[in-house]
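Below: target-v2.cif (mmCIF, C-alpha atoms)
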data_my_file
loop_
_atom_site.label_atom_id
_atom_site.label_comp_id
_atom_site.auth_asym_id
_atom_site.auth_seq_id
_atom_site.Cartn_x
_atom_site.Cartn_y
_atom_site.Cartn_z
CA MET A 1 -0.63 -31.74 5.49
CA ALA A 2 2.17 -29.48 4.23
CA ASN A 3 2.17 -28.73 0.53
CA ILE A 4 4.76 -28.12 -2.18
CA LEU A 5 4.29 -26.09 -5.37
CA MET A 6 6.19 -27.35 -8.43
CA VAL A 7 6.37 -24.95 -11.38
CA GLN A 8 7.50 -26.02 -14.86
CA GLU A 9 6.33 -26.16 -18.43
CA GLY A 10 4.49 -29.37 -19.28
CA GLN A 11 3.86 -32.57 -17.33
CA THR A 12 7.17 -34.43 -17.59
CA TYR A 13 8.47 -37.78 -16.36
CA LEU A 14 10.77 -35.85 -13.99
CA ALA A 15 7.89 -33.88 -12.45
CA THR A 16 5.76 -37.00 -12.09
CA ASN A 17 8.51 -38.85 -10.25
CA ILE A 18 9.39 -35.96 -7.93
CA LYS A 19 5.70 -35.56 -7.13
CA ALA A 20 5.44 -39.27 -6.27
CA GLN A 21 8.54 -39.11 -4.04
CA LEU A 22 7.23 -36.09 -2.12
CA GLU A 23 3.76 -37.59 -1.74
CA ALA A 24 5.39 -40.67 -0.25
CA LEU A 25 6.84 -38.33 2.38
CA ASN A 26 3.29 -37.11 3.12
CA TYR A 27 3.36 -33.83 1.19
CA GLU A 28 0.56 -32.58 -1.01
CA VAL A 29 2.10 -31.50 -4.31
CA PHE A 30 0.53 -28.93 -6.64
CA THR A 31 1.94 -28.59 -10.16
CA SER A 32 1.67 -25.47 -12.27
CA ALA A 33 2.63 -24.30 -15.72
CA LEU A 34 4.78 -21.19 -15.96
CA LYS A 35 1.82 -18.80 -16.24
CA VAL A 36 0.96 -16.12 -13.70
CA GLN A 37 -2.73 -17.03 -13.37
CA THR A 38 -2.03 -20.75 -13.13
CA ILE A 39 0.66 -20.16 -10.50
CA TYR A 40 -1.73 -17.94 -8.55
CA ASP A 41 -4.47 -20.58 -8.71
CA ASN A 42 -2.10 -23.22 -7.33
CA LEU A 43 -0.59 -21.18 -4.49
CA HIS A 44 -1.74 -22.82 -1.27
CA ASP A 45 0.67 -21.33 1.27
CA PRO A 46 3.41 -23.75 0.14
CA GLU A 47 6.16 -24.95 2.45
CA ALA A 48 8.50 -24.85 -0.54
CA ILE A 49 8.48 -24.05 -4.25
CA LEU A 50 10.26 -26.24 -6.80
CA LEU A 51 11.00 -24.26 -9.96
CA TYR A 52 12.31 -25.85 -13.17
CA VAL A 53 14.44 -23.40 -15.16
CA SER A 54 14.64 -24.26 -18.86
CA GLU A 55 16.94 -22.84 -21.54
CA ASP A 56 14.27 -20.42 -22.76
CA PHE A 57 13.71 -18.96 -19.27
CA GLU A 58 14.45 -15.41 -20.48
CA GLU A 59 11.20 -15.57 -22.48
CA HIS A 60 9.36 -16.13 -19.18
CA ILE A 61 11.36 -13.81 -16.93
CA GLN A 62 8.27 -11.92 -15.71
CA GLU A 63 6.56 -15.16 -14.69
CA LEU A 64 9.73 -16.37 -12.96
CA LEU A 65 10.10 -13.11 -11.05
CA TYR A 66 6.43 -13.42 -10.07
CA VAL A 67 7.22 -16.80 -8.54
CA LYS A 68 10.13 -15.23 -6.65
CA ASP A 69 7.98 -12.35 -5.37
CA LYS A 70 5.24 -14.71 -4.19
CA ALA A 71 7.81 -16.89 -2.48
CA VAL A 72 9.15 -13.85 -0.63
CA GLU A 73 5.66 -12.78 0.43
CA ALA A 74 4.79 -16.25 1.70
CA GLY A 75 8.19 -16.96 3.21
CA SER A 76 8.51 -20.08 1.04
CA PRO A 77 12.01 -21.33 0.09
CA ILE A 78 12.75 -21.82 -3.61
CA PHE A 79 14.55 -24.87 -5.00
CA LEU A 80 15.81 -24.60 -8.58
CA MET A 81 16.10 -27.47 -11.08
CA GLY A 82 17.54 -27.54 -14.58
CA GLU A 83 20.73 -27.53 -16.63
CA GLU A 84 23.65 -26.11 -14.65
CA HIS A 85 24.35 -23.28 -17.12
CA ASP A 86 20.67 -22.26 -17.10
CA LEU A 87 20.64 -22.19 -13.30
CA ASP A 88 23.75 -20.02 -13.27
CA LYS A 89 22.24 -17.58 -15.77
CA PHE A 90 18.92 -17.43 -13.94
CA SER A 91 20.61 -16.82 -10.59
CA LYS A 92 21.60 -13.39 -11.90
CA HIS A 93 17.90 -12.49 -12.02
CA ILE A 94 17.01 -13.66 -8.53
CA ASP A 95 18.43 -12.88 -5.11
CA SER A 96 20.53 -15.94 -4.29
CA LEU A 97 19.56 -15.65 -0.63
CA LYS A 98 16.05 -16.75 -1.63
CA ILE A 99 17.36 -19.99 -3.17
CA ALA A 100 17.36 -22.89 -0.71
CA GLY A 101 18.92 -25.39 -3.10
CA LYS A 102 19.84 -26.17 -6.72
CA PHE A 103 19.57 -29.47 -8.58
CA SER A 104 21.34 -29.69 -11.93
CA ARG A 105 20.72 -32.37 -14.53
CA PRO A 106 20.89 -35.31 -14.37
CA ILE A 107 18.51 -34.89 -11.45
CA ASP A 108 18.23 -37.53 -8.73
CA VAL A 109 14.54 -37.38 -7.81
CA LYS A 110 15.10 -39.15 -4.49
CA LYS A 111 17.74 -36.58 -3.52
CA VAL A 112 15.38 -33.74 -4.47
CA ALA A 113 12.64 -35.13 -2.25
CA PHE A 114 15.08 -35.90 0.58
CA ASP A 115 16.71 -32.43 0.53
CA VAL A 116 13.38 -30.60 0.34
CA ASP A 117 11.99 -32.68 3.20
CA MET A 118 15.08 -32.12 5.35
CA PHE A 119 14.92 -28.37 4.74
CA VAL A 120 11.23 -28.20 5.60
CA GLN A 121 11.71 -30.30 8.72
CA GLU A 122 14.52 -28.04 9.93
CA HIS A 123 13.34 -24.64 8.70
CA GLY A 124 9.65 -25.20 7.95
CA ARG A 125 7.01 -22.75 8.99
CA GLN A 126 4.77 -25.26 10.74
CA ASN A 127 6.40 -24.56 14.11
CA LYS A 128 7.06 -20.87 13.59
CA LYS A 129 4.80 -18.07 14.74
CA LYS A 130 3.21 -16.16 11.86
CA ILE A 131 3.74 -12.40 11.61
CA LEU A 132 2.05 -10.13 9.08
CA VAL A 133 4.24 -7.07 8.47
CA VAL A 134 2.40 -4.07 7.03
CA ASP A 135 4.26 -1.02 5.74
CA ASP A 136 4.05 1.09 2.59
CA SER A 137 7.86 1.28 2.43
CA GLY A 138 9.51 -1.55 0.54
CA ALA A 139 12.79 -0.78 2.31
CA VAL A 140 11.17 -1.21 5.73
CA LEU A 141 9.53 -4.49 4.68
CA ARG A 142 12.86 -5.83 3.43
CA ASN A 143 14.65 -4.76 6.61
CA VAL A 144 12.06 -6.30 8.94
CA LYS A 145 12.04 -9.49 6.88
CA GLY A 146 15.81 -9.72 7.14
CA TRP A 147 15.68 -9.29 10.93
CA LEU A 148 12.89 -11.76 11.65
CA GLU A 149 12.69 -14.42 8.93
CA ASP A 150 15.01 -16.87 10.68
CA LYS A 151 12.72 -17.06 13.72
CA TYR A 152 9.28 -16.31 12.31
CA ASN A 153 7.04 -17.09 9.36
CA LEU A 154 6.57 -13.71 7.70
CA THR A 155 3.96 -12.39 5.30
CA LEU A 156 4.50 -8.91 3.84
CA ALA A 157 1.85 -6.37 2.86
CA ASN A 158 2.58 -2.94 1.39
CA SER A 159 -0.82 -1.39 2.07
CA GLY A 160 -3.73 -1.55 4.48
CA ALA A 161 -6.00 -3.05 1.83
CA THR A 162 -3.48 -5.81 1.07
CA ALA A 163 -3.14 -6.51 4.79
CA ILE A 164 -6.88 -7.05 5.26
CA LYS A 165 -6.95 -9.43 2.28
CA SER A 166 -3.96 -11.31 3.67
CA LEU A 167 -5.65 -11.79 7.05
CA SER A 168 -8.44 -13.78 5.45
CA LEU A 169 -6.00 -16.03 3.56
CA ASN A 170 -3.42 -16.68 6.25
CA ARG A 171 -4.31 -15.75 9.84
CA PRO A 172 -1.18 -14.46 11.64
CA ASP A 173 -0.24 -14.69 15.31
CA LEU A 174 0.80 -11.02 15.27
CA VAL A 175 0.44 -7.98 13.02
CA LEU A 176 3.29 -5.47 12.87
CA LEU A 177 1.46 -2.43 11.54
CA ASP A 178 2.84 0.80 10.14
CA TYR A 179 0.97 3.73 11.67
CA GLU A 180 1.35 6.26 8.85
CA MET A 181 0.30 4.93 5.45
CA PRO A 182 -1.50 6.54 2.50
CA VAL A 183 -5.16 5.78 1.64
CA VAL A 184 -5.77 3.36 4.54
CA ASP A 185 -3.60 4.19 7.54
CA GLY A 186 -2.67 2.01 10.50
CA ALA A 187 -5.48 3.30 12.70
CA GLN A 188 -8.07 2.35 10.07
CA VAL A 189 -6.53 -1.10 9.59
CA LEU A 190 -6.63 -1.72 13.34
CA GLU A 191 -10.27 -0.60 13.49
CA MET A 192 -11.17 -3.01 10.68
CA ILE A 193 -9.36 -5.85 12.46
CA ARG A 194 -11.14 -5.17 15.74
CA THR A 195 -14.60 -5.01 14.14
CA GLU A 196 -14.27 -8.34 12.28
CA ASN A 197 -15.32 -11.34 14.36
CA ASP A 198 -12.74 -13.58 12.71
CA PHE A 199 -9.86 -11.18 13.33
CA HIS A 200 -10.74 -9.11 16.39
CA ASP A 201 -8.42 -11.02 18.75
CA ILE A 202 -5.30 -10.90 16.55
CA PRO A 203 -2.58 -8.99 18.43
CA VAL A 204 -1.34 -5.78 16.79
CA ILE A 205 1.89 -3.94 17.49
CA PHE A 206 2.37 -0.60 15.76
CA LEU A 207 5.49 0.33 13.85
CA THR A 208 6.08 4.06 14.05
CA SER A 209 8.87 6.48 13.26
CA LYS A 210 7.74 9.03 15.85
CA GLY A 211 8.72 8.67 19.47
CA ASP A 212 7.57 11.98 20.90
CA LYS A 213 5.08 11.88 23.79
CA GLU A 214 2.11 13.20 21.78
CA SER A 215 2.60 10.67 18.97
CA VAL A 216 3.04 7.79 21.40
CA MET A 217 -0.13 8.73 23.30
CA LYS A 218 -2.02 8.95 20.01
CA VAL A 219 -0.87 5.46 19.04
CA MET A 220 -1.52 3.89 22.44
CA ALA A 221 -5.00 5.41 22.62
CA LEU A 222 -5.94 2.86 19.93
CA LYS A 223 -5.07 0.09 22.44
CA PRO A 224 -2.66 -2.02 20.43
CA GLU A 225 -0.58 -4.64 22.23
CA GLY A 226 2.38 -2.27 21.92
CA TYR A 227 4.42 -0.12 19.60
CA LEU A 228 7.92 -0.25 18.18
CA LEU A 229 10.02 2.63 16.93
CA LYS A 230 11.49 1.99 13.50
CA THR A 231 14.65 3.73 14.68
CA LEU A 232 15.35 1.09 17.34
CA PRO A 233 18.37 -1.18 16.78
CA PRO A 234 17.27 -4.40 15.00
CA ALA A 235 18.42 -6.52 17.96
CA GLU A 236 16.06 -4.61 20.27
CA ILE A 237 13.12 -4.97 17.88
CA ILE A 238 13.76 -8.72 17.68
CA ALA A 239 14.05 -8.93 21.47
CA GLN A 240 10.76 -7.11 22.02
CA ILE A 241 8.91 -9.38 19.60
CA ASP A 242 10.48 -12.45 21.22
CA GLU A 243 9.37 -11.11 24.61
CA PHE A 244 5.82 -10.55 23.35
CA PHE A 245 5.52 -14.18 22.20
CA GLU A 246 7.10 -15.45 25.40
CA LYS A 247 4.46 -13.58 27.43
CA GLN A 248 1.76 -15.03 25.18
CA ARG A 249 3.14 -18.50 25.74
CA MET A 250 3.18 -18.06 29.51
CA LYS A 251 -0.48 -17.02 29.46
CA GLU A 252 -1.36 -20.39 27.96
CA PHE A 253 -0.16 -22.24 31.06
#

Re-express the file's structure as C-alpha cells.
Amino acid sequence: MANILMVQEGQTYLATNIKAQLEALNYEVFTSALKVQTIYDNLHDPEAILLYVSEDFEEHIQELLYVKDKAVEAGSPIFLMGEEHDLDKFSKHIDSLKIAGKFSRPIDVKKVAFDVDMFVQEHGRQNKKKILVVDDSGAVLRNVKGWLEDKYNLTLANSGATAIKSLSLNRPDLVLLDYEMPVVDGAQVLEMIRTENDFHDIPVIFLTSKGDKESVMKVMALKPEGYLLKTLPPAEIIAQIDEFFEKQRMKEF
C-alpha cells in the first residue's frame, strides 16, 4: 500500500478529512507535526508529501526546508496547502520545480485527494526502477537527478556511509557509485555491498571522471556491471542506463 505524509501543526478538521479521502483511495496516511524528529519518525518512503504552510511559516523555515530536502532525497513530490499569500511567500524559499501542486484556501478536500491520486498514478514510483546515486559532489547529484528523475525513482547519497545506510532502508535496482570519494571511497562501498548477503546482488555502475586506460582497468578490476564517465553527454548517460535495464529485463524472460 502506497503511503502519503501530511505535515502540519495540530490535528485539524481539514487534515482529518483529507486523510479520510486518501484512505478511501487505498493510501496509508501518516500525519506529522512540523518538527524535525517527528517528521523523521513518520517518513515511510512516501509517494507524496502534503505540507500545510501557515502564516507563521518563517518561524519554522528550517523544518520546512528539512521537509523539502527529504522529499528530494526520496524523490517524493510536494503538494502545498494554505492561504494563497503564504504559499506565494513560501515558494521563494523552495525550488518551485519540487512542487507538484498548490491548494489555496478554501481547500476542497476531494480535489486534494483526487489530484494527489492522479499524480501518483501517472508519475508514482511504484512502477519505476530505483536508483541510488552516490557522489560527494552536490553538483553531480543535482545534475544526475535532473537527467534521470523523469524515468527513475532516485535516492541521493553524498557519502559512502550514507549510501550503505540507504541500502538497508530502500533497496535499489541499481547503484550509480562515484569512484573517488573521501573517507569511504567507491571501491570500499562496492566491497561492503558484495560482502553483505542482503545486498551482494545489487548491480553497481561506477561514475568516474577519469577515462584513461589505467583508471578504467582499475575500476573494471572491481567487477562492477559497468562504468560511466561523468564527462559524457547527459543523453548518452541516460541511454546507457536505459540499455542496462533493458538487458536486465530481457534476462528475466

Just want the 9 Å neighbourhood of stretch 238-244 of chain A, counted on only C-alpha atoms, with same-chain residues fewer than 2 positions away dropped. Output as a PyMOL selection string.
chain A and resi 147-148+225+228+233-236+246-249

Using 6 Å as the limit and counting all atoms listed in the file, can you tabulate each residue of stretch 101-185 of chain A that touches stretch 65-75 of chain A, with its shortest atom-to-atom distance in Å and the two atoms involved, as a Markdown table?
| residue | atom | partner | partner_atom | distance |
| --- | --- | --- | --- | --- |
| A:Leu154 | CA | A:Gly75 | CA | 5.8 |
| A:Thr155 | CA | A:Glu73 | CA | 5.2 |
| A:Leu156 | CA | A:Glu73 | CA | 5.3 |

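Taking atom CA of A:Thr12 as the reference point, atom CA of A:Glu58 is found at 20.6 Å.
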
Here is a test: counting only C-alpha atoms, which residue of A:Lys218, A:Gly160, A:Leu167, A:Ala15 is nearest to A:Glu196?
A:Leu167

For each of A:Glu28, A:Asp45, A:Asp136, A:Glu122, take the minimum atom-to-atom distance to A:Gly186, counting all atoms listed in the file, then give the residue where this is smallest.
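That would be A:Asp136, the residue with the smallest distance to A:Gly186.
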
Using all atoms listed in the file: which of A:Glu149, A:Glu55, A:Asp108, A:Asp178 has the shortest distance to A:His85:
A:Glu55

With the input short on atoms, add N, CA and C atoms back to stretch 129-155 of chain A and write it as a PDB file, in the coordinates of the input.
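rebuild.pdb, written as the output of this step:
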ATOM      1  N   LYS A 129       5.888 -19.020  14.613  1.00  0.00           N
ATOM      2  CA  LYS A 129       4.800 -18.070  14.740  1.00  0.00           C
ATOM      3  C   LYS A 129       4.696 -17.241  13.444  1.00  0.00           C
ATOM      4  N   LYS A 130       3.444 -16.919  13.087  1.00  0.00           N
ATOM      5  CA  LYS A 130       3.210 -16.160  11.860  1.00  0.00           C
ATOM      6  C   LYS A 130       3.069 -14.674  12.169  1.00  0.00           C
ATOM      7  N   ILE A 131       3.811 -13.855  11.441  1.00  0.00           N
ATOM      8  CA  ILE A 131       3.740 -12.400  11.610  1.00  0.00           C
ATOM      9  C   ILE A 131       3.403 -11.770  10.264  1.00  0.00           C
ATOM     10  N   LEU A 132       2.374 -10.932  10.255  1.00  0.00           N
ATOM     11  CA  LEU A 132       2.050 -10.130   9.080  1.00  0.00           C
ATOM     12  C   LEU A 132       2.674  -8.749   9.281  1.00  0.00           C
ATOM     13  N   VAL A 133       3.577  -8.363   8.393  1.00  0.00           N
ATOM     14  CA  VAL A 133       4.240  -7.070   8.470  1.00  0.00           C
ATOM     15  C   VAL A 133       3.623  -6.138   7.433  1.00  0.00           C
ATOM     16  N   VAL A 134       3.110  -4.993   7.904  1.00  0.00           N
ATOM     17  CA  VAL A 134       2.400  -4.070   7.030  1.00  0.00           C
ATOM     18  C   VAL A 134       3.109  -2.730   7.022  1.00  0.00           C
ATOM     19  N   ASP A 135       3.581  -2.306   5.858  1.00  0.00           N
ATOM     20  CA  ASP A 135       4.260  -1.020   5.740  1.00  0.00           C
ATOM     21  C   ASP A 135       4.274  -0.625   4.271  1.00  0.00           C
ATOM     22  N   ASP A 136       4.069   0.652   3.977  1.00  0.00           N
ATOM     23  CA  ASP A 136       4.050   1.090   2.590  1.00  0.00           C
ATOM     24  C   ASP A 136       5.462   1.267   2.021  1.00  0.00           C
ATOM     25  N   SER A 137       6.470   1.149   2.867  1.00  0.00           N
ATOM     26  CA  SER A 137       7.860   1.280   2.430  1.00  0.00           C
ATOM     27  C   SER A 137       8.451  -0.091   2.140  1.00  0.00           C
ATOM     28  N   GLY A 138       8.862  -0.294   0.892  1.00  0.00           N
ATOM     29  CA  GLY A 138       9.510  -1.550   0.540  1.00  0.00           C
ATOM     30  C   GLY A 138      10.800  -1.761   1.302  1.00  0.00           C
ATOM     31  N   ALA A 139      11.525  -0.673   1.569  1.00  0.00           N
ATOM     32  CA  ALA A 139      12.790  -0.780   2.310  1.00  0.00           C
ATOM     33  C   ALA A 139      12.545  -1.279   3.728  1.00  0.00           C
ATOM     34  N   VAL A 140      11.497  -0.762   4.375  1.00  0.00           N
ATOM     35  CA  VAL A 140      11.170  -1.210   5.730  1.00  0.00           C
ATOM     36  C   VAL A 140      10.777  -2.676   5.726  1.00  0.00           C
ATOM     37  N   LEU A 141       9.949  -3.085   4.766  1.00  0.00           N
ATOM     38  CA  LEU A 141       9.530  -4.490   4.680  1.00  0.00           C
ATOM     39  C   LEU A 141      10.738  -5.409   4.512  1.00  0.00           C
ATOM     40  N   ARG A 142      11.663  -5.003   3.644  1.00  0.00           N
ATOM     41  CA  ARG A 142      12.860  -5.830   3.430  1.00  0.00           C
ATOM     42  C   ARG A 142      13.709  -5.911   4.697  1.00  0.00           C
ATOM     43  N   ASN A 143      13.840  -4.771   5.384  1.00  0.00           N
ATOM     44  CA  ASN A 143      14.650  -4.760   6.610  1.00  0.00           C
ATOM     45  C   ASN A 143      14.039  -5.665   7.679  1.00  0.00           C
ATOM     46  N   VAL A 144      12.732  -5.506   7.906  1.00  0.00           N
ATOM     47  CA  VAL A 144      12.060  -6.300   8.940  1.00  0.00           C
ATOM     48  C   VAL A 144      12.130  -7.772   8.589  1.00  0.00           C
ATOM     49  N   LYS A 145      11.947  -8.096   7.319  1.00  0.00           N
ATOM     50  CA  LYS A 145      12.040  -9.490   6.880  1.00  0.00           C
ATOM     51  C   LYS A 145      13.425 -10.050   7.188  1.00  0.00           C
ATOM     52  N   GLY A 146      14.454  -9.270   6.880  1.00  0.00           N
ATOM     53  CA  GLY A 146      15.810  -9.720   7.140  1.00  0.00           C
ATOM     54  C   GLY A 146      16.080  -9.961   8.613  1.00  0.00           C
ATOM     55  N   TRP A 147      15.472  -9.150   9.487  1.00  0.00           N
ATOM     56  CA  TRP A 147      15.680  -9.290  10.930  1.00  0.00           C
ATOM     57  C   TRP A 147      14.960 -10.503  11.512  1.00  0.00           C
ATOM     58  N   LEU A 148      13.769 -10.807  10.969  1.00  0.00           N
ATOM     59  CA  LEU A 148      12.890 -11.760  11.650  1.00  0.00           C
ATOM     60  C   LEU A 148      12.699 -13.098  10.960  1.00  0.00           C
ATOM     61  N   GLU A 149      13.085 -13.229   9.691  1.00  0.00           N
ATOM     62  CA  GLU A 149      12.690 -14.420   8.930  1.00  0.00           C
ATOM     63  C   GLU A 149      13.306 -15.714   9.452  1.00  0.00           C
ATOM     64  N   ASP A 150      14.427 -15.629  10.156  1.00  0.00           N
ATOM     65  CA  ASP A 150      15.010 -16.870  10.680  1.00  0.00           C
ATOM     66  C   ASP A 150      14.172 -17.469  11.806  1.00  0.00           C
ATOM     67  N   LYS A 151      13.486 -16.601  12.561  1.00  0.00           N
ATOM     68  CA  LYS A 151      12.720 -17.060  13.720  1.00  0.00           C
ATOM     69  C   LYS A 151      11.234 -17.201  13.443  1.00  0.00           C
ATOM     70  N   TYR A 152      10.721 -16.399  12.489  1.00  0.00           N
ATOM     71  CA  TYR A 152       9.280 -16.310  12.310  1.00  0.00           C
ATOM     72  C   TYR A 152       8.879 -16.519  10.860  1.00  0.00           C
ATOM     73  N   ASN A 153       7.635 -16.933  10.681  1.00  0.00           N
ATOM     74  CA  ASN A 153       7.040 -17.090   9.360  1.00  0.00           C
ATOM     75  C   ASN A 153       6.402 -15.757   8.989  1.00  0.00           C
ATOM     76  N   LEU A 154       6.989 -15.067   8.020  1.00  0.00           N
ATOM     77  CA  LEU A 154       6.570 -13.710   7.700  1.00  0.00           C
ATOM     78  C   LEU A 154       5.738 -13.631   6.423  1.00  0.00           C
ATOM     79  N   THR A 155       4.708 -12.792   6.480  1.00  0.00           N
ATOM     80  CA  THR A 155       3.960 -12.390   5.300  1.00  0.00           C
ATOM     81  C   THR A 155       4.063 -10.872   5.216  1.00  0.00           C
TER      82      THR A 155
END
